[in-house]
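target07.pdb, holding PDB, C-alpha atoms:
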```
ATOM      1  CA  MET A 154    -221.972  41.688-144.544
ATOM      2  CA  PHE A 155    -225.661  41.496-143.711
ATOM      3  CA  THR A 156    -227.336  39.761-140.836
ATOM      4  CA  ILE A 157    -229.808  37.057-141.793
ATOM      5  CA  GLY A 158    -232.678  39.447-141.043
ATOM      6  CA  ASP A 159    -231.289  42.196-143.257
ATOM      7  CA  PHE A 160    -230.511  39.739-146.044
ATOM      8  CA  ALA A 161    -234.030  38.310-145.823
ATOM      9  CA  ARG A 162    -235.498  41.794-146.237
ATOM     10  CA  LEU A 163    -233.265  42.497-149.249
ATOM     11  CA  GLY A 164    -234.199  39.212-150.876
ATOM     12  CA  ARG A 165    -237.894  39.479-149.930
ATOM     13  CA  VAL A 166    -237.897  36.049-148.278
ATOM     14  CA  SER A 167    -238.394  34.895-144.716
ATOM     15  CA  VAL A 168    -235.625  34.195-142.244
ATOM     16  CA  ARG A 169    -237.088  30.712-141.812
ATOM     17  CA  MET A 170    -236.720  30.117-145.554
ATOM     18  CA  LEU A 171    -233.056  31.199-145.511
ATOM     19  CA  ARG A 172    -232.375  28.771-142.673
ATOM     20  CA  HIS A 173    -234.062  26.025-144.704
ATOM     21  CA  TYR A 174    -231.947  26.854-147.759
ATOM     22  CA  ASP A 175    -228.854  26.651-145.556
ATOM     23  CA  ALA A 176    -229.888  23.252-144.162
ATOM     24  CA  THR A 177    -230.568  21.832-147.632
ATOM     25  CA  GLY A 178    -227.330  23.165-149.106
ATOM     26  CA  LEU A 179    -229.017  25.575-151.499
ATOM     27  CA  LEU A 180    -227.599  28.764-150.015
ATOM     28  CA  HIS A 181    -225.078  28.720-147.180
ATOM     29  CA  PRO A 182    -224.288  31.975-145.362
ATOM     30  CA  ALA A 183    -220.960  33.557-146.230
ATOM     31  CA  ARG A 184    -219.934  33.373-142.563
ATOM     32  CA  VAL A 185    -221.280  31.907-139.361
ATOM     33  CA  ASP A 186    -220.083  33.423-136.094
ATOM     34  CA  PRO A 187    -218.339  30.559-134.243
ATOM     35  CA  ILE A 188    -219.456  31.883-130.864
ATOM     36  CA  THR A 189    -223.031  33.145-131.422
ATOM     37  CA  GLY A 190    -223.927  31.014-134.461
ATOM     38  CA  TYR A 191    -225.302  34.107-136.187
ATOM     39  CA  ARG A 192    -225.429  33.836-139.976
ATOM     40  CA  HIS A 193    -224.061  36.591-142.208
ATOM     41  CA  TYR A 194    -224.507  37.052-145.957
ATOM     42  CA  THR A 195    -222.957  39.193-148.687
ATOM     43  CA  ALA A 196    -224.700  41.251-151.347
ATOM     44  CA  ALA A 197    -223.153  38.996-154.005
ATOM     45  CA  GLN A 198    -225.258  36.107-152.672
ATOM     46  CA  LEU A 199    -228.449  37.856-153.770
ATOM     47  CA  ALA A 200    -227.734  36.595-157.308
ATOM     48  CA  ARG A 201    -227.947  32.964-156.178
ATOM     49  CA  LEU A 202    -230.991  33.699-154.014
ATOM     50  CA  ASN A 203    -232.778  35.251-156.991
ATOM     51  CA  ARG A 204    -232.094  32.140-159.042
ATOM     52  CA  VAL A 205    -233.312  29.854-156.265
ATOM     53  CA  ILE A 206    -236.582  31.750-155.906
ATOM     54  CA  ALA A 207    -237.182  32.019-159.680
ATOM     55  CA  LEU A 208    -236.640  28.298-160.247
ATOM     56  CA  LYS A 209    -238.698  27.345-157.199
ATOM     57  CA  ASP A 210    -241.594  29.594-158.253
ATOM     58  CA  LEU A 211    -241.554  27.969-161.696
ATOM     59  CA  GLY A 212    -242.224  24.591-160.137
ATOM     60  CA  PHE A 213    -238.782  23.014-159.821
ATOM     61  CA  THR A 214    -238.151  20.985-156.675
ATOM     62  CA  LEU A 215    -235.406  22.149-154.314
ATOM     63  CA  SER A 216    -233.224  19.197-155.305
ATOM     64  CA  GLN A 217    -233.661  20.141-158.979
ATOM     65  CA  VAL A 218    -232.828  23.758-158.175
ATOM     66  CA  ARG A 219    -229.633  22.699-156.411
ATOM     67  CA  GLU A 220    -228.568  20.504-159.346
ATOM     68  CA  ILE A 221    -229.213  23.328-161.826
ATOM     69  CA  LEU A 222    -227.293  25.930-159.830
ATOM     70  CA  ASP A 223    -224.404  23.630-158.941
ATOM     71  CA  GLU A 224    -223.826  23.027-162.650
ATOM     72  CA  LYS A 225    -223.067  26.756-162.868
ATOM     73  CA  VAL A 226    -225.392  27.421-165.799
ATOM     74  CA  THR A 227    -224.885  30.690-167.639
ATOM     75  CA  VAL A 228    -227.405  33.517-167.550
ATOM     76  CA  GLU A 229    -228.390  32.698-171.148
ATOM     77  CA  GLU A 230    -228.888  29.000-170.323
ATOM     78  CA  LEU A 231    -230.895  29.872-167.224
ATOM     79  CA  ARG A 232    -233.048  32.307-169.202
ATOM     80  CA  ALA A 233    -233.785  29.615-171.797
ATOM     81  CA  MET A 234    -234.713  27.127-169.053
ATOM     82  CA  LEU A 235    -236.997  29.640-167.379
ATOM     83  CA  ARG A 236    -238.715  30.502-170.653
ATOM     84  CA  LEU A 237    -239.289  26.825-171.405
ATOM     85  CA  ARG A 238    -240.719  26.270-167.941
ATOM     86  CA  GLN A 239    -242.833  29.411-168.309
ATOM     87  CA  ALA A 240    -244.281  28.069-171.562
ATOM     88  CA  GLU A 241    -245.086  24.739-169.885
ATOM     89  CA  LEU A 242    -246.867  26.484-167.010
ATOM     90  CA  GLU A 243    -248.796  28.744-169.388
ATOM     91  CA  ALA A 244    -249.931  25.688-171.354
ATOM     92  CA  ALA A 245    -251.023  24.019-168.112
ATOM     93  CA  MET A 246    -252.927  27.163-167.105
ATOM     94  CA  THR A 247    -254.658  27.274-170.491
ATOM     95  CA  ALA A 248    -255.656  23.620-170.183
ATOM     96  CA  ALA A 249    -256.922  24.234-166.652
ATOM     97  CA  ALA A 250    -258.959  27.227-167.855
ATOM     98  CA  VAL A 251    -260.519  25.088-170.585
ATOM     99  CA  ARG A 252    -261.438  22.415-168.027
ATOM    100  CA  LEU A 253    -262.877  25.067-165.721
ATOM    101  CA  THR A 254    -265.018  26.456-168.547
ATOM    102  CA  SER A 255    -266.266  22.942-169.268
ATOM    103  CA  VAL A 256    -267.114  22.350-165.606
ATOM    104  CA  GLU A 257    -268.961  25.674-165.417
ATOM    105  CA  ALA A 258    -270.960  24.775-168.538
ATOM    106  CA  ARG A 259    -271.928  21.437-166.997
ATOM    107  CA  LEU A 260    -273.015  23.163-163.799
ATOM    108  CA  ARG A 261    -275.131  25.664-165.726
ATOM    109  CA  SER A 262    -276.722  22.817-167.654
ATOM    110  CA  ILE A 263    -277.502  20.959-164.418
ATOM    111  CA  GLU A 264    -278.980  24.098-162.876
ATOM    112  CA  SER A 265    -281.188  24.702-165.926
ATOM    113  CA  GLU A 266    -282.561  21.152-166.131
ATOM    114  CA  GLY A 267    -286.313  21.349-166.510
ATOM    115  CA  HIS A 268    -286.248  25.131-166.936
ATOM    116  CA  MET A 269    -285.645  25.397-170.689
ATOM    117  CA  PRO A 270    -288.976  24.717-172.430
ATOM    118  CA  THR A 271    -288.813  22.091-175.144
ATOM    119  CA  ASN A 272    -291.674  23.808-176.972
ATOM    120  CA  ASP A 273    -288.981  26.167-178.278
ATOM    121  CA  VAL A 274    -287.927  23.312-180.568
ATOM    122  CA  VAL A 275    -289.052  23.679-184.198
ATOM    123  CA  VAL A 276    -288.879  20.886-186.771
ATOM    124  CA  LYS A 277    -288.089  21.935-190.326
ATOM    125  CA  SER A 278    -286.301  20.818-193.475
ATOM    126  CA  LEU A 279    -282.940  22.311-194.384
ATOM    127  CA  PRO A 280    -282.049  23.205-197.983
ATOM    128  CA  SER A 281    -278.710  22.455-199.569
ATOM    129  CA  ILE A 282    -276.265  25.325-199.194
ATOM    130  CA  ARG A 283    -272.912  26.069-200.808
ATOM    131  CA  VAL A 284    -270.179  27.027-198.365
ATOM    132  CA  ALA A 285    -266.486  27.854-198.332
ATOM    133  CA  GLU A 286    -264.854  26.030-195.463
ATOM    134  CA  LEU A 287    -261.685  25.374-193.534
ATOM    135  CA  SER A 288    -261.347  22.305-191.332
ATOM    136  CA  GLY A 289    -259.367  21.361-188.255
ATOM    137  CA  LEU A 290    -259.116  18.501-185.800
ATOM    138  CA  ALA A 291    -260.206  18.824-182.170
ATOM    139  CA  ALA A 292    -259.210  16.149-179.679
ATOM    140  CA  GLY A 293    -262.678  16.373-178.123
ATOM    141  CA  PHE A 294    -265.599  18.686-177.460
ATOM    142  CA  HIS A 295    -263.539  20.572-174.872
ATOM    143  CA  GLN A 296    -261.134  21.684-177.617
ATOM    144  CA  ILE A 297    -263.705  22.977-180.113
ATOM    145  CA  ALA A 298    -263.470  26.618-179.032
ATOM    146  CA  ALA A 299    -259.679  26.615-179.385
ATOM    147  CA  VAL A 300    -259.941  25.163-182.894
ATOM    148  CA  VAL A 301    -262.952  26.891-184.426
ATOM    149  CA  GLN A 302    -262.097  30.542-183.751
ATOM    150  CA  PRO A 303    -258.685  30.454-185.509
ATOM    151  CA  LEU A 304    -260.356  28.657-188.431
ATOM    152  CA  TYR A 305    -262.915  31.442-188.816
ATOM    153  CA  ASP A 306    -260.222  34.124-188.474
ATOM    154  CA  GLU A 307    -258.250  32.490-191.298
ATOM    155  CA  LEU A 308    -261.374  31.860-193.402
ATOM    156  CA  PHE A 309    -262.550  35.471-193.308
ATOM    157  CA  ALA A 310    -259.010  36.700-194.020
ATOM    158  CA  VAL A 311    -258.762  34.469-197.122
ATOM    159  CA  LEU A 312    -262.172  35.540-198.420
ATOM    160  CA  ASP A 313    -261.433  39.200-197.738
ATOM    161  CA  GLU A 314    -258.147  38.964-199.613
ATOM    162  CA  ALA A 315    -260.037  37.439-202.556
ATOM    163  CA  GLY A 316    -262.651  40.197-202.393
ATOM    164  CA  ILE A 317    -265.474  37.739-201.682
ATOM    165  CA  ALA A 318    -268.271  38.649-199.282
ATOM    166  CA  PRO A 319    -270.233  35.874-197.573
ATOM    167  CA  SER A 320    -273.798  35.472-198.875
ATOM    168  CA  GLY A 321    -275.172  34.071-195.621
ATOM    169  CA  PRO A 322    -274.355  33.321-191.987
ATOM    170  CA  GLY A 323    -271.503  31.237-190.682
ATOM    171  CA  VAL A 324    -272.101  27.496-190.390
ATOM    172  CA  THR A 325    -270.167  25.157-188.119
ATOM    173  CA  TYR A 326    -270.609  21.424-188.454
ATOM    174  CA  TYR A 327    -268.796  18.393-187.095
ATOM    175  CA  GLU A 328    -267.840  14.885-188.098
ATOM    176  CA  ASP A 329    -266.353  12.057-186.077
ATOM    177  CA  ALA A 330    -262.716  11.804-187.147
ATOM    178  CA  PRO A 331    -261.501   8.292-188.119
ATOM    179  CA  GLU A 332    -258.462   8.662-185.866
ATOM    180  CA  GLY A 333    -260.592   9.883-182.958
ATOM    181  CA  GLY A 334    -261.752  13.306-181.924
ATOM    182  CA  LEU A 335    -263.854  15.663-184.005
ATOM    183  CA  LEU A 336    -263.314  17.142-187.433
ATOM    184  CA  VAL A 337    -264.451  20.771-187.122
ATOM    185  CA  HIS A 338    -265.683  22.550-190.254
ATOM    186  CA  ALA A 339    -265.839  26.354-190.123
ATOM    187  CA  CYS A 340    -267.895  27.626-193.067
ATOM    188  CA  VAL A 341    -269.640  30.627-194.558
ATOM    189  CA  GLN A 342    -272.195  30.613-197.350
ATOM    190  CA  VAL A 343    -270.921  31.955-200.664
ATOM    191  CA  ALA A 344    -272.769  32.788-203.881
ATOM    192  CA  VAL A 345    -269.807  33.417-206.206
ATOM    193  CA  PRO A 346    -267.069  31.011-207.320
ATOM    194  CA  VAL A 347    -264.257  30.536-204.819
ATOM    195  CA  ARG A 348    -260.937  28.944-205.703
ATOM    196  CA  ASP A 349    -260.639  25.555-204.026
ATOM    197  CA  ASP A 350    -256.947  25.268-203.095
ATOM    198  CA  GLY A 351    -257.021  22.077-201.047
ATOM    199  CA  ARG A 352    -256.895  23.923-197.751
ATOM    200  CA  LEU A 353    -259.894  26.122-198.508
ATOM    201  CA  ARG A 354    -262.687  23.941-199.886
ATOM    202  CA  VAL A 355    -266.019  24.771-201.485
ATOM    203  CA  VAL A 356    -268.670  22.172-200.701
ATOM    204  CA  ASP A 357    -272.414  21.785-201.067
ATOM    205  CA  LEU A 358    -273.901  20.741-197.763
ATOM    206  CA  PRO A 359    -276.681  18.272-198.575
ATOM    207  CA  PRO A 360    -280.311  19.039-197.762
ATOM    208  CA  VAL A 361    -281.729  17.621-194.543
ATOM    209  CA  GLU A 362    -285.258  16.283-194.736
ATOM    210  CA  SER A 363    -286.009  16.823-191.063
ATOM    211  CA  ALA A 364    -284.086  18.684-188.366
ATOM    212  CA  ALA A 365    -285.004  19.638-184.815
ATOM    213  CA  THR A 366    -283.890  23.232-184.306
ATOM    214  CA  ILE A 367    -283.606  25.595-181.374
ATOM    215  CA  VAL A 368    -282.291  29.139-181.042
ATOM    216  CA  HIS A 369    -279.580  29.791-178.449
ATOM    217  CA  ARG A 370    -278.935  33.312-177.209
ATOM    218  CA  GLY A 371    -275.597  33.844-175.496
ATOM    219  CA  PRO A 372    -271.984  32.678-175.714
ATOM    220  CA  MET A 373    -271.023  29.348-177.203
ATOM    221  CA  ALA A 374    -269.646  28.348-173.808
ATOM    222  CA  ASP A 375    -273.309  27.886-172.782
ATOM    223  CA  ILE A 376    -274.256  25.762-175.793
ATOM    224  CA  LEU A 377    -274.526  22.570-173.736
ATOM    225  CA  THR A 378    -277.949  23.445-172.317
ATOM    226  CA  PRO A 379    -279.785  23.910-175.659
ATOM    227  CA  VAL A 380    -277.971  20.886-177.113
ATOM    228  CA  GLN A 381    -279.292  18.719-174.297
ATOM    229  CA  THR A 382    -282.733  20.324-174.593
ATOM    230  CA  LEU A 383    -282.753  19.138-178.211
ATOM    231  CA  GLY A 384    -281.716  15.684-177.046
ATOM    232  CA  ARG A 385    -284.571  15.486-174.551
ATOM    233  CA  TRP A 386    -287.071  16.668-177.170
ATOM    234  CA  ILE A 387    -285.826  14.137-179.731
ATOM    235  CA  ASP A 388    -286.154  11.304-177.235
ATOM    236  CA  ALA A 389    -289.583  12.417-175.956
ATOM    237  CA  HIS A 390    -291.058  12.660-179.465
ATOM    238  CA  GLY A 391    -289.983   9.269-180.756
ATOM    239  CA  HIS A 392    -287.125  10.392-182.970
ATOM    240  CA  ARG A 393    -283.469   9.472-183.107
ATOM    241  CA  SER A 394    -280.465  11.653-183.766
ATOM    242  CA  ALA A 395    -279.050  11.420-187.286
ATOM    243  CA  GLY A 396    -275.804  13.315-186.785
ATOM    244  CA  HIS A 397    -274.082  16.171-185.006
ATOM    245  CA  PRO A 398    -276.106  19.414-184.821
ATOM    246  CA  ARG A 399    -275.052  22.242-187.115
ATOM    247  CA  GLU A 400    -274.503  25.676-185.601
ATOM    248  CA  ILE A 401    -275.787  28.622-187.632
ATOM    249  CA  SER A 402    -274.396  31.981-186.478
ATOM    250  CA  LEU A 403    -277.340  34.338-186.941
ATOM    251  CA  GLU A 404    -275.905  37.284-185.015
ATOM    252  CA  CYS A 405    -272.310  37.693-183.806
ATOM    253  CA  PRO A 406    -271.787  41.138-182.236
ATOM    254  CA  ALA A 407    -268.656  41.957-180.222
ATOM    255  CA  ASP A 408    -270.329  40.974-176.944
ATOM    256  CA  GLN A 409    -270.763  37.200-177.014
ATOM    257  CA  ASN A 410    -273.640  37.489-174.542
ATOM    258  CA  ASP A 411    -275.652  38.936-177.454
ATOM    259  CA  TRP A 412    -274.817  36.160-179.908
ATOM    260  CA  VAL A 413    -277.743  34.345-181.549
ATOM    261  CA  THR A 414    -277.096  30.813-182.798
ATOM    262  CA  GLU A 415    -279.505  28.285-184.259
ATOM    263  CA  LEU A 416    -278.784  24.622-183.592
ATOM    264  CA  GLN A 417    -279.998  22.248-186.296
ATOM    265  CA  ALA A 418    -280.010  18.575-185.313
ATOM    266  CA  PRO A 419    -280.813  16.088-188.105
ATOM    267  CA  ILE A 420    -283.431  13.571-186.940
ATOM    268  CA  ALA A 421    -285.153  10.416-188.161
ATOM    269  CA  ARG A 422    -288.043   8.402-186.828
ATOM    270  CA  SER A 423    -287.047   5.688-184.366
TER     271      SER A 423
END
```

Using structure tokens, write down the structure from this file.
Amino acid sequence: MFTIGDFARLGRVSVRMLRHYDATGLLHPARVDPITGYRHYTAAQLARLNRVIALKDLGFTLSQVREILDEKVTVEELRAMLRLRQAELEAAMTAAAVRLTSVEARLRSIESEGHMPTNDVVVKSLPSIRVAELSGLAAGFHQIAAVVQPLYDELFAVLDEAGIAPSGPGVTYYEDAPEGGLLVHACVQVAVPVRDDGRLRVVDLPPVESAATIVHRGPMADILTPVQTLGRWIDAHGHRSAGHPREISLECPADQNDWVTELQAPIARS
């Protein structure tokens, strides 16, 4: 048998934690000296301790841990439960990372207020272009990045398999979805016929008589600042917005800090 101190070292937990597990009925010592009150444990009890720690670290409460272990779940059942909980935590971490990115973008936009010159805005007309596109639904602006990149990966794979090379840059545009959220269109310009199979569509984007445009250099995570610069320019010059801005990918090297994207916001006179 091991003393509580030795058992704590083997299990990589504190003595205080073992006493707490004893008090809550999670892990009783194998023997308690009736005279000294010293607790003693066996090596076989490390298996239960490992399960307690694994379940606790995955976010289960101590009462939930006790219920799980007292039901004498098999190793296979426990592994399945841990994998499910692991997937839930990973999803929560991904969602938290997305929120953090959004917060950081807002902070950068706040810090840059008044620093991005609106004389970088150019008004021009946009010709009609033919594009091959795939579409997906994003619950909101915070989900765009998670939706658009897989769409482009699939789009380029389909075109490559068909032996079709894009004839121009990538174009991303958005529509308000009837059921809520945003319909994201990931497109590339094409000059040769492409088979429209329902999933992959070939559409002619209509010409735009007047669009306020600005060039953004850097990752798409920082797109908020130039978007709001466009908004301030539109308001200051007596225009109104006539739809979501398009995003034209002019340069997309491996390092996103070197990306060059033109934003094209349709406008009309107020």

- Query: Expanded to explicit residues, what is the PyMOL selection byres ((chain A and resi 300-307) around 7) for this file, as a ChimeraX atom specification?
  - Reply: /A:287,289,291,296-299,308-311,337,339

List as a short mmCIF file (atom, residue, chain, number, x, y, z; two decimals) with C-alpha atoms, keeping the file's coordinate frame the protein and nucleic acid residues near Met154 (chain A), meaning an atom at most 9 Å away when only C-alpha atoms are counted, but skip any in the same chain fewer than 3 places from it.
```cif
data_model
loop_
_atom_site.label_atom_id
_atom_site.label_comp_id
_atom_site.auth_asym_id
_atom_site.auth_seq_id
_atom_site.Cartn_x
_atom_site.Cartn_y
_atom_site.Cartn_z
CA PHE A 160 -230.51 39.74 -146.04
CA ALA A 183 -220.96 33.56 -146.23
CA ARG A 184 -219.93 33.37 -142.56
CA HIS A 193 -224.06 36.59 -142.21
CA TYR A 194 -224.51 37.05 -145.96
CA THR A 195 -222.96 39.19 -148.69
CA ALA A 196 -224.70 41.25 -151.35
#
```

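Minimum atom-to-atom distance to Leu235 (chain A), evaluated using only C-alpha atoms, belongs to A:Leu208 out of A:Ala344, A:Val218, A:Leu208, A:Ala249.
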
- Can you tell me, as a VMD selection string, what residues are no more than 12 Å from Gly164 (chain A) when counting only C-alpha atoms, ignoring any on the same chain fewer than 2 positions away? chain A and resid 155 157 to 162 166 to 168 170 to 171 194 to 207

- Computed interatomic separation between CA of Glu224 (chain A) and CA of Arg165 (chain A) (Å): 25.1 Å

Would you kindly return, as a PDB file with C-alpha atoms, in the coordinates of the input, each protein, DNA or RNA residue with an atom no farther than 10 Å from any atom of Ala248 (chain A), considering all atoms listed in the file and excluding same-chain residues fewer than 6 positions away?
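result_32.pdb was written with the following content:
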```pdb
ATOM      1  CA  LEU A 242    -246.867  26.484-167.010  1.00  0.00           C
ATOM      2  CA  THR A 254    -265.018  26.456-168.547  1.00  0.00           C
ATOM      3  CA  HIS A 295    -263.539  20.572-174.872  1.00  0.00           C
ATOM      4  CA  GLN A 296    -261.134  21.684-177.617  1.00  0.00           C
TER       5      GLN A 296
END
```

- Task: Write out as a list in words which residues come within 7 Å of region 407-420 of chain A when counting all atoms listed in the file, dropping same-chain ones fewer than 3 positions away.
- Result: Val361, Ser363, Ala364, Ala365, Thr366, Ile367, Val368, His369, Arg370, Gly371, Pro372, His392, Arg393, Ser394, Ala395, Gly396, His397, Pro398, Arg399, Glu400, Ile401, Ser402, Leu403 and Glu404 of chain A

Can you write just those residues out, C-alpha atoms, as a compact mmCIF listing (two decimals), in the coordinates of the input?
```
# COMPACT_ATOMS: atom_id res chain seq x y z
CA VAL A 361 -281.73 17.62 -194.54
CA SER A 363 -286.01 16.82 -191.06
CA ALA A 364 -284.09 18.68 -188.37
CA ALA A 365 -285.00 19.64 -184.82
CA THR A 366 -283.89 23.23 -184.31
CA ILE A 367 -283.61 25.60 -181.37
CA VAL A 368 -282.29 29.14 -181.04
CA HIS A 369 -279.58 29.79 -178.45
CA ARG A 370 -278.94 33.31 -177.21
CA GLY A 371 -275.60 33.84 -175.50
CA PRO A 372 -271.98 32.68 -175.71
CA HIS A 392 -287.12 10.39 -182.97
CA ARG A 393 -283.47 9.47 -183.11
CA SER A 394 -280.46 11.65 -183.77
CA ALA A 395 -279.05 11.42 -187.29
CA GLY A 396 -275.80 13.32 -186.78
CA HIS A 397 -274.08 16.17 -185.01
CA PRO A 398 -276.11 19.41 -184.82
CA ARG A 399 -275.05 22.24 -187.12
CA GLU A 400 -274.50 25.68 -185.60
CA ILE A 401 -275.79 28.62 -187.63
CA SER A 402 -274.40 31.98 -186.48
CA LEU A 403 -277.34 34.34 -186.94
CA GLU A 404 -275.90 37.28 -185.02
```

- Would you please work out which residue, of A:Glu257, A:Glu220, A:Glu230, A:Asp186, is nearest to Asp375 (chain A) when using only C-alpha atoms? A:Glu257

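Among the candidates A:Gln239, A:Gln217, A:Thr156, A:Thr247, the one nearest to Pro182 (chain A) when counting all atoms listed in the file is A:Thr156.
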
- Message: I want to know what sits within 10 Å of Leu312 (chain A), based on all atoms listed in the file, with residues of the same chain fewer than 3 positions away left out; could you give that as a VMD selection string?
- Response: chain A and resid 285 307 to 309 315 to 319 341 343 347 to 348 353

Residues from the last selection, C-alpha atoms, saved as a PDB file, in the frame of the given file:
```pdb
ATOM      1  CA  ALA A 285    -266.486  27.854-198.332  1.00  0.00           C
ATOM      2  CA  GLU A 307    -258.250  32.490-191.298  1.00  0.00           C
ATOM      3  CA  LEU A 308    -261.374  31.860-193.402  1.00  0.00           C
ATOM      4  CA  PHE A 309    -262.550  35.471-193.308  1.00  0.00           C
ATOM      5  CA  ALA A 315    -260.037  37.439-202.556  1.00  0.00           C
ATOM      6  CA  GLY A 316    -262.651  40.197-202.393  1.00  0.00           C
ATOM      7  CA  ILE A 317    -265.474  37.739-201.682  1.00  0.00           C
ATOM      8  CA  ALA A 318    -268.271  38.649-199.282  1.00  0.00           C
ATOM      9  CA  PRO A 319    -270.233  35.874-197.573  1.00  0.00           C
ATOM     10  CA  VAL A 341    -269.640  30.627-194.558  1.00  0.00           C
ATOM     11  CA  VAL A 343    -270.921  31.955-200.664  1.00  0.00           C
ATOM     12  CA  VAL A 347    -264.257  30.536-204.819  1.00  0.00           C
ATOM     13  CA  ARG A 348    -260.937  28.944-205.703  1.00  0.00           C
ATOM     14  CA  LEU A 353    -259.894  26.122-198.508  1.00  0.00           C
TER      15      LEU A 353
END
```

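A straight line drawn from CA of Arg385 (chain A) to CA of Val274 (chain A) is 10.4 Å long.
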
- Of the candidates A:Ala240, A:Val276, A:Ala176, A:Leu215, which one gets nearest to His390 (chain A) if we count only C-alpha atoms? A:Val276

- Output check: residues returned by the PyMOL selection byres ((chain A and resi 280) around 8), as number ranges by chain: A: 278-279, 281-282, 359-361

- Message: As an exercise, work out the distance from CA of Arg352 (chain A) to CA of Leu336 (chain A) in Å and give it to one decimal place.
- Response: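 About the pair CA of Arg352 (chain A) and CA of Leu336 (chain A): they are 13.9 Å apart.
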
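Using all atoms listed in the file for every distance, the candidate list A:Cys405, A:Ser320, A:Ala292, A:Glu286 yields A:Glu286 as the residue closest to Asp357 (chain A).
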